[in-house]
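Participant: For reference, the structure I am asking about is given below.
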Amino acid sequence: MRGTTEASARPDSPLLVDRFGRVATDLRVSLTDRCNLRCTYCMPAEGLDWLPKPELLTDDELARLIGVAVTRLGVTDIRFTGGEPLLRPGLEGVIAATAALAPRPRMSMTTNGISLAKRARALVDAGLDRVNISLDTLDPARFHTLTRRDRLDDVFAGMAAARDAGLMPVKVNTVLMRGVNEDEAVPLLRFCLDHGYQLRFIEQMPLDPQHAWNRDDMVTAEEILAALRGAFDLVPEPGDRGGAPAERWLVDGGPATVGVIASVTRPFCAACDRTRLTADGQVRNCLFSRTETDLRALLRDGASDEEIAVRWRGNSWAKAAGHGINDDGFHQPDRPMSAIGG
Ligand code: SAM
Ligand code: SF4
């Protein structure tokens with residue numbers, strides 16, 4: 001397996017430790033593989049073969065697995081994602097069940113923002129703390145080309161509603177692509193500064209279902225920073241970044257910041273603190289894993305919480321040192337981003 005050392009004994013720890021000294025405390029939960037947009041870097045125009053309903057975890061199964069993660073495995077942060085998490089019926093119930101756990105984990109959600117305007121208040125009432133909203137362009141025609149849907153105004157409304165409902169800080173995720181929206185780094189940062197949102201640029205990763213990712217089309221962190229420095233004064237934010245994927249800069253003296261997640265050109269795998277649960281109940285120790293651990297089968301076979309926890313710990317222990325994108329012989333995972341949970 002990529003980057004693993006020879007077999008070594010797992011210490012007797014209840015936590016999600018791995019053989020490189022990392023501990024996973026941040027769980028990404030994919031609530032659905034479906035989406036109401038078709039972003040070109042994430043989904044083909046016609047969509048994908050959705051997971052069949054019987055294969056999806058029910059709300060109760062999801063709540064139980066999240067409970068195992070929090071109460072037995074030391075997970076402190078839950079991020080709901082997808083696909084589009086707002087399309088999951090029962091979302092508020094899953095959030096409320098998570099909020100009732102002791103110790104209560106921090107909860108955030110990554111969303112395209114469509115229909116968030118109607119849902120933000122109910123999500124706060126259920127216990128959600130924060131949102132990350134994806135926005136790659138400020139131009140309606142470009143938004144249509146990029147997502148194959150005409151919904152930019154809904155996204156803007158969702159962002160404003162999230163801020164007004166107190167889902168703060170509202171973080172904005174942007175993927176820049178060469179010849180598509182690479183000229184929008186500065187306008188997007190201005191927009192976010194004006195509205196009180198925290199912008200983070202994400203380097204495009206090889207997770208598209210078409211397997212068409214091309215390193216030369218990726219706008220790198222260096223290029224993004226160079227463009228921003230043409231308009232803003234950027235100073236590295238002081239302090240330890242911990243497991244956070246974004247490197248952050250104070251903009252024009254702060255306190256506003258901008259982040260860059262350089263997953264490809266400056267991998268942060270050595271500090272990774274993530275574990276992932278797919279909507280069909282598979283645990284993955286990395287976005288780029290080529291193997292998964294089937295917790296759904298275990299759960300439906302009547303396993304106890306501790307038996308599930310033991311299997312989850314084994315999955316973490318097998319985590320590779322890095323994602324390997326920059327290695328010869330890198331193989332993209334079979335599941336695309338929308339089915340893993342971004
Ligand atoms: N539908 C929600 C959304 O768009 O925010 C949540 C799921 S989406 C897969 C999560 C994040 O992954 C989004 O910010 C999206 O821009 C990002 N993403 C999707 N495909 C990507 C890729 N190939 N490389 C980098 N980021 C990607
Ligand atoms: Fe949907 Fe998010 Fe993928 Fe866009 S990035 S197609 S909004 S899952």
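Ligands are numbered from 1 in the order shown, residues from 1 within each chain, and chains are lettered A, B, ... in the order they appear in the structure tokens.
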As JSON, numbers by chain, please: every residue in segment 116-342 of chain A that DSSP puts in alpha helix (DSSP H).

Facilitator: {"A": [116, 117, 118, 119, 120, 121, 122, 123, 124, 125, 126, 140, 141, 142, 143, 144, 145, 146, 147, 152, 153, 154, 155, 156, 157, 158, 159, 160, 161, 162, 163, 164, 165, 185, 186, 187, 188, 189, 190, 191, 192, 193, 194, 195, 221, 222, 223, 224, 225, 226, 227, 228, 229, 295, 296, 297, 298, 299, 300, 305, 306, 307, 308, 309, 310, 311, 312, 313, 314, 315, 316, 317, 337, 338, 339, 340]}

Participant: Near segment 272-280 of chain A, within 9 Å and counting only C-alpha atoms, which residues show up once chain neighbours fewer than 6 positions away are dropped, as number ranges by chain?

Facilitator: A: 16, 22-33, 51, 53-57, 62, 65, 82, 242-245, 286-287, 294-296, 316, 339-341

Participant: Using only C-alpha atoms, which residues sit within 9 Å of segment 138-146 of chain A once same-chain residues fewer than 5 positions away are excluded, as a list in words?

Facilitator: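 The residues that qualify are Arg38, Cys39, Thr40, Tyr41, Arg151, Leu152, Asp153, Val180, Asn181, Glu184, Pro187, Leu188 and Phe191 of chain A.
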
Participant: Since we have the selection now, will you write its residues out, keeping all heavy atoms, as a tab-separated table (two decimals), in the first residue's frame?

Facilitator:
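And here is the file that came out, again_20.tsv:
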chain	number	residue	atom	x	y	z
A	38	ARG	N	-24.47	20.25	-11.25
A	38	ARG	CA	-23.64	19.30	-12.00
A	38	ARG	C	-22.29	19.96	-12.28
A	38	ARG	O	-21.91	20.14	-13.44
A	38	ARG	CB	-24.31	18.94	-13.35
A	38	ARG	CG	-25.62	18.20	-13.25
A	38	ARG	CD	-25.41	16.73	-12.84
A	38	ARG	NE	-26.69	16.04	-12.79
A	38	ARG	CZ	-27.47	16.00	-11.71
A	38	ARG	NH1	-27.08	16.59	-10.60
A	38	ARG	NH2	-28.61	15.36	-11.73
A	39	CYS	N	-21.59	20.37	-11.22
A	39	CYS	CA	-20.31	21.06	-11.40
A	39	CYS	C	-19.40	20.20	-12.28
A	39	CYS	O	-19.26	18.99	-12.04
A	39	CYS	CB	-19.66	21.32	-10.05
A	39	CYS	SG	-20.72	22.27	-8.95
A	40	THR	N	-18.77	20.85	-13.25
A	40	THR	CA	-18.04	20.08	-14.26
A	40	THR	C	-16.91	19.25	-13.66
A	40	THR	O	-16.61	18.17	-14.15
A	40	THR	CB	-17.46	21.02	-15.33
A	40	THR	OG1	-16.77	22.08	-14.65
A	40	THR	CG2	-18.54	21.62	-16.20
A	41	TYR	N	-16.27	19.75	-12.57
A	41	TYR	CA	-15.14	19.01	-11.98
A	41	TYR	C	-15.61	17.92	-11.02
A	41	TYR	O	-14.79	17.25	-10.40
A	41	TYR	CB	-14.18	19.95	-11.26
A	41	TYR	CG	-14.85	20.90	-10.28
A	41	TYR	CD1	-15.35	20.44	-9.07
A	41	TYR	CD2	-14.99	22.25	-10.58
A	41	TYR	CE1	-15.97	21.29	-8.19
A	41	TYR	CE2	-15.60	23.12	-9.70
A	41	TYR	CZ	-16.09	22.62	-8.50
A	41	TYR	OH	-16.71	23.47	-7.64
A	151	ARG	N	-28.58	28.88	-11.01
A	151	ARG	CA	-29.04	29.04	-9.63
A	151	ARG	C	-28.16	30.00	-8.81
A	151	ARG	O	-28.20	29.94	-7.58
A	151	ARG	CB	-29.05	27.66	-8.92
A	151	ARG	CG	-29.80	26.55	-9.63
A	151	ARG	CD	-31.30	26.78	-9.65
A	151	ARG	NE	-31.93	26.85	-8.35
A	151	ARG	CZ	-32.45	25.82	-7.68
A	151	ARG	NH1	-32.38	24.62	-8.19
A	151	ARG	NH2	-33.05	25.98	-6.52
A	152	LEU	N	-27.41	30.86	-9.46
A	152	LEU	CA	-26.47	31.69	-8.69
A	152	LEU	C	-27.18	32.55	-7.63
A	152	LEU	O	-26.71	32.68	-6.51
A	152	LEU	CB	-25.65	32.58	-9.64
A	152	LEU	CG	-24.61	33.47	-8.96
A	152	LEU	CD1	-23.60	32.66	-8.15
A	152	LEU	CD2	-23.86	34.32	-10.00
A	153	ASP	N	-28.36	33.10	-7.99
A	153	ASP	CA	-29.06	33.94	-7.01
A	153	ASP	C	-29.46	33.15	-5.77
A	153	ASP	O	-29.47	33.68	-4.66
A	153	ASP	CB	-30.30	34.57	-7.65
A	153	ASP	CG	-29.92	35.73	-8.56
A	153	ASP	OD1	-28.77	36.23	-8.42
A	153	ASP	OD2	-30.74	36.13	-9.41
A	180	VAL	N	-11.27	29.19	-17.23
A	180	VAL	CA	-12.69	29.13	-16.88
A	180	VAL	C	-13.03	30.28	-15.92
A	180	VAL	O	-13.82	31.16	-16.24
A	180	VAL	CB	-13.06	27.77	-16.25
A	180	VAL	CG1	-14.55	27.72	-15.89
A	180	VAL	CG2	-12.71	26.62	-17.20
A	181	ASN	N	-12.40	30.27	-14.75
A	181	ASN	CA	-12.69	31.30	-13.74
A	181	ASN	C	-11.43	31.77	-13.03
A	181	ASN	O	-11.51	32.36	-11.95
A	181	ASN	CB	-13.72	30.78	-12.72
A	181	ASN	CG	-13.21	29.56	-11.98
A	181	ASN	OD1	-12.25	28.91	-12.40
A	181	ASN	ND2	-13.85	29.23	-10.88
A	184	GLU	N	-10.99	35.25	-11.43
A	184	GLU	CA	-11.93	35.74	-10.41
A	184	GLU	C	-11.38	35.72	-8.99
A	184	GLU	O	-12.13	35.97	-8.04
A	184	GLU	CB	-13.24	34.95	-10.48
A	184	GLU	CG	-14.03	35.29	-11.74
A	184	GLU	CD	-15.50	34.93	-11.62
A	184	GLU	OE1	-16.18	35.45	-10.72
A	184	GLU	OE2	-15.97	34.12	-12.44
A	187	PRO	N	-11.88	39.40	-7.53
A	187	PRO	CA	-13.28	39.77	-7.29
A	187	PRO	C	-13.96	38.88	-6.24
A	187	PRO	O	-14.76	39.38	-5.44
A	187	PRO	CB	-13.95	39.57	-8.66
A	187	PRO	CG	-12.86	39.51	-9.67
A	187	PRO	CD	-11.59	39.19	-8.96
A	188	LEU	N	-13.64	37.60	-6.21
A	188	LEU	CA	-14.28	36.73	-5.21
A	188	LEU	C	-13.83	37.11	-3.81
A	188	LEU	O	-14.65	37.13	-2.88
A	188	LEU	CB	-13.94	35.25	-5.49
A	188	LEU	CG	-14.83	34.59	-6.56
A	188	LEU	CD1	-14.17	33.33	-7.12
A	188	LEU	CD2	-16.21	34.26	-5.98
A	191	PHE	N	-15.65	40.30	-2.85
A	191	PHE	CA	-17.05	39.98	-2.53
A	191	PHE	C	-17.14	39.41	-1.10
A	191	PHE	O	-17.99	39.82	-0.31
A	191	PHE	CB	-17.57	38.96	-3.56
A	191	PHE	CG	-18.90	38.35	-3.22
A	191	PHE	CD1	-20.09	39.00	-3.52
A	191	PHE	CD2	-18.96	37.11	-2.59
A	191	PHE	CE1	-21.31	38.43	-3.19
A	191	PHE	CE2	-20.18	36.53	-2.25
A	191	PHE	CZ	-21.36	37.19	-2.56

Participant: Residues of segment 187-229 of chain A classed as strand (DSSP E) by DSSP on the backbone are to be reported as a PyMOL selection string.

Facilitator: chain A and resi 198-202

Participant: Can you work out which residues are within 6 Å of ligand 2, considering only C-alpha atoms and all ligand atoms, and then hand them over as a list in words?

Facilitator: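 Counting only what the definition allows, namely only C-alpha atoms and all ligand atoms, the set is Cys35, Leu37, Arg38, Cys39, Cys42, Met43, Gly82, Gly83, Glu84, Asn112 and Ser338 of chain A.
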
Participant: Would you work out the distance separating atom CA of Trp213 of chain A from atom CA of Trp50 of chain A, expressed in Å to one decimal?

Facilitator: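 It comes out at 22.0 Å.
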
Participant: Env of segment 193-202 of chain A: 10 Å cut, atoms = only C-alpha atoms, seq-sep filter 5 positions within chain, self excluded. Answer as a PyMOL selection string.

Facilitator: chain A and resi 132-136+159-160+163+168-176+185+187-188+219-221+224-225+245-248+251+256-264

Participant: Please provide as an MDAnalysis selection string all residues within 7 Å of Leu234 of chain A, with the sequence filter that same-chain residues fewer than 4 positions apart are discarded (counting only C-alpha atoms).

Facilitator: chainID A and resid 229 249:252

Participant: Can I get the selection written as a PDB file, in the first residue's frame, with all heavy atoms?

Facilitator:
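Written file, out_23.pdb:
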ATOM      1  N   ARG A 229      -1.959  38.935  -4.434  1.00  0.00           N
ATOM      2  CA  ARG A 229      -0.970  39.930  -3.969  1.00  0.00           C
ATOM      3  C   ARG A 229      -0.955  41.157  -4.870  1.00  0.00           C
ATOM      4  O   ARG A 229      -0.487  42.226  -4.465  1.00  0.00           O
ATOM      5  CB  ARG A 229       0.419  39.307  -3.895  1.00  0.00           C
ATOM      6  CG  ARG A 229       0.552  38.369  -2.712  1.00  0.00           C
ATOM      7  CD  ARG A 229       2.009  38.069  -2.358  1.00  0.00           C
ATOM      8  NE  ARG A 229       2.060  37.326  -1.109  1.00  0.00           N
ATOM      9  CZ  ARG A 229       2.281  36.008  -1.014  1.00  0.00           C
ATOM     10  NH1 ARG A 229       2.510  35.303  -2.118  1.00  0.00           N
ATOM     11  NH2 ARG A 229       2.273  35.416   0.149  1.00  0.00           N
ATOM     12  N   TRP A 249      -3.942  33.651   5.339  1.00  0.00           N
ATOM     13  CA  TRP A 249      -3.240  34.932   5.298  1.00  0.00           C
ATOM     14  C   TRP A 249      -4.156  36.028   5.801  1.00  0.00           C
ATOM     15  O   TRP A 249      -5.365  36.015   5.488  1.00  0.00           O
ATOM     16  CB  TRP A 249      -2.820  35.259   3.859  1.00  0.00           C
ATOM     17  CG  TRP A 249      -1.620  34.498   3.409  1.00  0.00           C
ATOM     18  CD1 TRP A 249      -0.318  34.930   3.422  1.00  0.00           C
ATOM     19  CD2 TRP A 249      -1.575  33.152   2.915  1.00  0.00           C
ATOM     20  NE1 TRP A 249       0.524  33.933   2.975  1.00  0.00           N
ATOM     21  CE2 TRP A 249      -0.216  32.838   2.648  1.00  0.00           C
ATOM     22  CE3 TRP A 249      -2.542  32.174   2.677  1.00  0.00           C
ATOM     23  CZ2 TRP A 249       0.187  31.612   2.155  1.00  0.00           C
ATOM     24  CZ3 TRP A 249      -2.143  30.945   2.191  1.00  0.00           C
ATOM     25  CH2 TRP A 249      -0.792  30.671   1.934  1.00  0.00           C
ATOM     26  N   LEU A 250      -3.581  36.954   6.586  1.00  0.00           N
ATOM     27  CA  LEU A 250      -4.323  38.152   6.968  1.00  0.00           C
ATOM     28  C   LEU A 250      -4.380  39.060   5.745  1.00  0.00           C
ATOM     29  O   LEU A 250      -3.363  39.261   5.076  1.00  0.00           O
ATOM     30  CB  LEU A 250      -3.607  38.878   8.110  1.00  0.00           C
ATOM     31  CG  LEU A 250      -3.511  38.125   9.443  1.00  0.00           C
ATOM     32  CD1 LEU A 250      -2.595  38.881  10.401  1.00  0.00           C
ATOM     33  CD2 LEU A 250      -4.906  37.941  10.049  1.00  0.00           C
ATOM     34  N   VAL A 251      -5.549  39.601   5.460  1.00  0.00           N
ATOM     35  CA  VAL A 251      -5.721  40.456   4.284  1.00  0.00           C
ATOM     36  C   VAL A 251      -5.671  41.912   4.721  1.00  0.00           C
ATOM     37  O   VAL A 251      -6.425  42.323   5.615  1.00  0.00           O
ATOM     38  CB  VAL A 251      -7.083  40.174   3.604  1.00  0.00           C
ATOM     39  CG1 VAL A 251      -7.238  41.045   2.357  1.00  0.00           C
ATOM     40  CG2 VAL A 251      -7.205  38.703   3.240  1.00  0.00           C
ATOM     41  N   ASP A 252      -4.773  42.670   4.087  1.00  0.00           N
ATOM     42  CA  ASP A 252      -4.629  44.107   4.369  1.00  0.00           C
ATOM     43  C   ASP A 252      -4.563  44.384   5.877  1.00  0.00           C
ATOM     44  O   ASP A 252      -5.286  45.247   6.400  1.00  0.00           O
ATOM     45  CB  ASP A 252      -5.774  44.899   3.717  1.00  0.00           C
ATOM     46  CG  ASP A 252      -5.650  44.918   2.196  1.00  0.00           C
ATOM     47  OD1 ASP A 252      -4.537  44.673   1.683  1.00  0.00           O
ATOM     48  OD2 ASP A 252      -6.672  45.154   1.511  1.00  0.00           O
TER      49      ASP A 252
END

Participant: Record the distance separating atom CA of Leu189 of chain A and atom CA of Asp216 of chain A, expressed in Å with one decimal.

Facilitator: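 Computing it gives 23.7 Å between the two atoms.
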
Participant: What does the structure give for the distance between atom CA of Ser13 of chain A and atom CA of Thr291 of chain A, in Å to one decimal?

Facilitator: 22.8 Å

Participant: List as a VMD selection string the protein and nucleic acid residues near segment 318-332 of chain A, meaning an atom at most 9 Å away when only C-alpha atoms are counted, but skip any in the same chain fewer than 5 places from it.

Facilitator: chain A and resid 1 to 5 18 to 20 205 to 208 211 264 to 265 267 to 270 284 to 290 313

Participant: Would you please work out which residue, of A:Pro11, A:Gly254, A:Gly21, A:Pro333, is nearest to ligand 1 when using only C-alpha atoms and all ligand atoms?

Facilitator: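 Ranked by minimum distance to ligand 1, first place goes to A:Pro333.
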
Participant: With only C-alpha atoms as the basis for distance, which of A:Val70, A:Ala165, A:Leu15, A:Ala102 is at the shortest distance from Leu116 of chain A?

Facilitator: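 The closest residue to Leu116 of chain A is A:Ala165.
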
Participant: Using only C-alpha atoms and all ligand atoms, can you tell me which of A:Arg311, A:Arg148, A:Arg34, A:Arg190 comes closest to ligand 1?

Facilitator: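 Using only C-alpha atoms and all ligand atoms, ligand 1 sits closest to A:Arg34.
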